[in-house]
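What follows is a short report on a single structure.
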Amino acid sequence: MIKVDASLCLGCRSCSNVCPSQNIVRTETQETRSIHWKRCKEECDLCVEFCPAKALTLVAFDETTPEPDVSFDLIACKICKSRYATEPMLRRIESVIPVNLQKDSEGLDWIRVCPVCRRNIEADRATKQMVLGRSRKTP
């Protein structure tokens with residue numbers, strides 16, 4: 001059975017991604033992400049091993065122990081305002097990436113920008129560089 005330290009959980013969904021029995025249920029609305037751990041008798045511990053925050057531990061099965069639940073508000077992208085990540089996830093990323101790498105070459109705080117906007121920005125920049133490069137080669 002899984003025990004969760006909610007103060008350590010990032011809401012990253014790594015545990016639910018690796019659970020072979022689908023005993024970890026995640027639900028998401030436009031504003032929140034919730035994770036629910038069902039009582040599990042399997043003791044495979046993949047979720048424990050894959051948890052980047054070490055928020056999970058394997059404990060003896062106990063029918064009287066409540067099934068853990070954790071919920072997070074999702075943080076809005078600085079550009080499109082869509083909600084894409086939990087605050088603990090973003091703080092974790094910020095804590096492990098050197099400060100000088102947290103902004104791109106144009107000063108954009110990319111950690112607080114959703115993957116869709118980051119991809120679009122990088123595609124626009126690459127296109128502009130390619131066009132500029134081609135225009136310099138034209139006689």
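Convention: chains lettered A, B, ... in structure tokens order; per-chain residue numbering from 1; ligands numbered from 1 as shown.
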May I have the residues within 10 Å of segment 61-74 of chain A as a PyMOL selection string, using only C-alpha atoms and disregarding those fewer than 3 positions away in the same chain? chain A and resi 1-7+9-11+24-43+58+77+82-89
Store the residues picked out above in a file with N, CA and C atoms, as a CSV table (one decimal), in the first residue's frame.
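Result file result-v8.csv:
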chain,number,residue,atom,x,y,z
A,1,MET,N,0.8,-1.2,0.0
A,1,MET,CA,0.0,0.0,0.0
A,1,MET,C,0.9,1.2,0.0
A,2,ILE,N,0.4,2.3,-0.6
A,2,ILE,CA,1.2,3.5,-0.7
A,2,ILE,C,0.8,4.5,0.4
A,3,LYS,N,1.8,5.1,0.9
A,3,LYS,CA,1.7,6.3,1.9
A,3,LYS,C,2.2,7.5,1.2
A,4,VAL,N,1.5,8.6,1.2
A,4,VAL,CA,1.9,9.8,0.5
A,4,VAL,C,2.2,10.9,1.5
A,5,ASP,N,3.3,11.6,1.3
A,5,ASP,CA,3.6,12.8,2.1
A,5,ASP,C,3.2,13.9,1.2
A,6,ALA,N,2.0,14.5,1.5
A,6,ALA,CA,1.4,15.5,0.6
A,6,ALA,C,2.2,16.8,0.6
A,7,SER,N,3.0,17.0,1.6
A,7,SER,CA,3.9,18.2,1.6
A,7,SER,C,5.0,18.1,0.7
A,9,CYS,N,4.7,16.1,-2.3
A,9,CYS,CA,4.2,15.7,-3.6
A,9,CYS,C,4.2,17.0,-4.5
A,10,LEU,N,4.6,16.7,-5.8
A,10,LEU,CA,4.7,17.8,-6.8
A,10,LEU,C,3.5,17.9,-7.7
A,11,GLY,N,2.7,16.8,-7.7
A,11,GLY,CA,1.6,16.8,-8.6
A,11,GLY,C,2.0,16.5,-10.0
A,24,ILE,N,-3.5,4.4,-9.3
A,24,ILE,CA,-3.3,5.8,-9.0
A,24,ILE,C,-4.1,6.6,-10.1
A,25,VAL,N,-5.1,7.2,-9.6
A,25,VAL,CA,-6.1,7.9,-10.5
A,25,VAL,C,-5.8,9.4,-10.5
A,26,ARG,N,-5.7,10.0,-11.6
A,26,ARG,CA,-5.5,11.4,-11.7
A,26,ARG,C,-6.7,12.0,-12.4
A,27,THR,N,-7.1,13.2,-11.9
A,27,THR,CA,-8.2,13.9,-12.6
A,27,THR,C,-7.7,15.3,-12.7
A,28,GLU,N,-8.2,16.0,-13.8
A,28,GLU,CA,-7.7,17.3,-14.1
A,28,GLU,C,-8.9,18.1,-14.6
A,29,THR,N,-9.1,19.3,-14.1
A,29,THR,CA,-10.0,20.3,-14.7
A,29,THR,C,-9.1,21.4,-15.3
A,30,GLN,N,-9.7,22.4,-15.8
A,30,GLN,CA,-8.9,23.5,-16.3
A,30,GLN,C,-8.2,24.2,-15.2
A,31,GLU,N,-8.6,24.1,-14.0
A,31,GLU,CA,-7.9,24.8,-12.9
A,31,GLU,C,-7.3,24.0,-11.8
A,32,THR,N,-7.6,22.7,-11.8
A,32,THR,CA,-7.0,21.9,-10.7
A,32,THR,C,-6.5,20.5,-11.2
A,33,ARG,N,-5.6,19.9,-10.5
A,33,ARG,CA,-5.1,18.6,-10.7
A,33,ARG,C,-5.2,17.8,-9.4
A,34,SER,N,-5.9,16.6,-9.5
A,34,SER,CA,-6.0,15.8,-8.3
A,34,SER,C,-5.4,14.4,-8.6
A,35,ILE,N,-4.8,13.9,-7.5
A,35,ILE,CA,-4.3,12.5,-7.6
A,35,ILE,C,-4.8,11.7,-6.4
A,36,HIS,N,-5.3,10.5,-6.7
A,36,HIS,CA,-5.9,9.6,-5.7
A,36,HIS,C,-5.2,8.3,-5.8
A,37,TRP,N,-4.7,7.8,-4.7
A,37,TRP,CA,-4.1,6.5,-4.6
A,37,TRP,C,-5.0,5.5,-4.0
A,38,LYS,N,-5.4,4.5,-4.7
A,38,LYS,CA,-6.3,3.5,-4.2
A,38,LYS,C,-5.4,2.5,-3.3
A,39,ARG,N,-6.1,1.8,-2.4
A,39,ARG,CA,-5.4,0.8,-1.6
A,39,ARG,C,-4.9,-0.2,-2.6
A,40,CYS,N,-3.6,-0.4,-2.5
A,40,CYS,CA,-3.0,-1.4,-3.4
A,40,CYS,C,-2.3,-2.5,-2.7
A,41,LYS,N,-2.6,-3.7,-3.0
A,41,LYS,CA,-2.0,-4.9,-2.4
A,41,LYS,C,-0.8,-5.4,-3.1
A,42,GLU,N,-0.4,-4.9,-4.2
A,42,GLU,CA,0.6,-5.4,-5.1
A,42,GLU,C,2.0,-5.2,-4.6
A,43,GLU,N,2.3,-4.2,-4.0
A,43,GLU,CA,3.6,-3.9,-3.5
A,43,GLU,C,4.7,-3.9,-4.6
A,58,LEU,N,6.2,2.7,0.5
A,58,LEU,CA,5.4,1.5,0.6
A,58,LEU,C,5.2,1.1,2.0
A,77,CYS,N,-0.1,30.0,-17.6
A,77,CYS,CA,1.0,30.4,-18.5
A,77,CYS,C,1.1,31.9,-18.5
A,82,SER,N,-3.4,29.7,-20.2
A,82,SER,CA,-3.9,28.4,-19.9
A,82,SER,C,-3.1,27.8,-18.7
A,83,ARG,N,-3.8,27.0,-18.0
A,83,ARG,CA,-3.2,26.4,-16.8
A,83,ARG,C,-2.5,25.1,-17.2
A,84,TYR,N,-1.2,24.9,-16.7
A,84,TYR,CA,-0.5,23.8,-17.3
A,84,TYR,C,0.4,23.1,-16.3
A,85,ALA,N,0.6,23.6,-15.1
A,85,ALA,CA,1.5,22.9,-14.1
A,85,ALA,C,1.2,23.3,-12.7
A,86,THR,N,1.6,22.6,-11.7
A,86,THR,CA,1.4,22.9,-10.3
A,86,THR,C,2.6,23.8,-9.8
A,87,GLU,N,2.3,24.6,-8.8
A,87,GLU,CA,3.3,25.4,-8.3
A,87,GLU,C,4.5,24.6,-7.7
A,88,PRO,N,4.2,23.5,-7.0
A,88,PRO,CA,5.4,22.7,-6.5
A,88,PRO,C,6.3,22.2,-7.7
A,89,MET,N,5.7,21.9,-8.8
A,89,MET,CA,6.5,21.4,-10.0
A,89,MET,C,7.4,22.6,-10.4
Residues near Ile79 of chain A, anyone? I mean within 9 Å using only C-alpha atoms, not counting same-chain ones fewer than 4 positions away, as a list in words. Arg112, Val113, Cys114 and Cys117 of chain A
Saved selection, atoms kept: C-alpha atoms, as a PDB file, in the first residue's frame:
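Generated file (selection_10.pdb):
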ATOM      1  CA  ARG A 112       6.502  29.965 -16.279  1.00  0.00           C
ATOM      2  CA  VAL A 113       5.441  29.580 -19.934  1.00  0.00           C
ATOM      3  CA  CYS A 114       3.437  26.529 -21.026  1.00  0.00           C
ATOM      4  CA  CYS A 117       3.676  28.720 -26.063  1.00  0.00           C
TER       5      CYS A 117
END
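Remark: for Asp109 of chain A, the closest of the candidate residues A:Val18, A:Leu90, A:Val96, A:Leu8 is A:Leu90 (distances computed over only C-alpha atoms).
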Using Å and a single decimal, report how far atom CA of Cys15 of chain A sits from atom CA of Leu46 of chain A.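 Rounded to one decimal, the two atoms are 7.5 Å apart.
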Apply DSSP to the structure's backbone, then extract all residues of chain A labelled strand (DSSP E) and return them as number ranges by chain. A: 2-4, 24-28, 32-37, 56-58, 69-76, 83-86
What's the 10 Å shell around segment 99-101 of chain A, counting only C-alpha atoms, without same-chain residues fewer than 4 positions away, as a ChimeraX atom specification? /A:94-95,105,109-111
Using DSSP on the backbone coordinates, identify all residues within segment 22-117 of chain A classified as helix (DSSP H, G or I); present the result as a list in words. Leu46, Cys47, Val48, Glu49, Phe50, Glu87, Pro88, Met89, Leu90, Arg91, Arg92, Ile93, Glu94, Ser95, Val96, Val99, Asn100, Leu101, Trp110, Ile111, Arg112, Pro115, Val116 and Cys117 of chain A
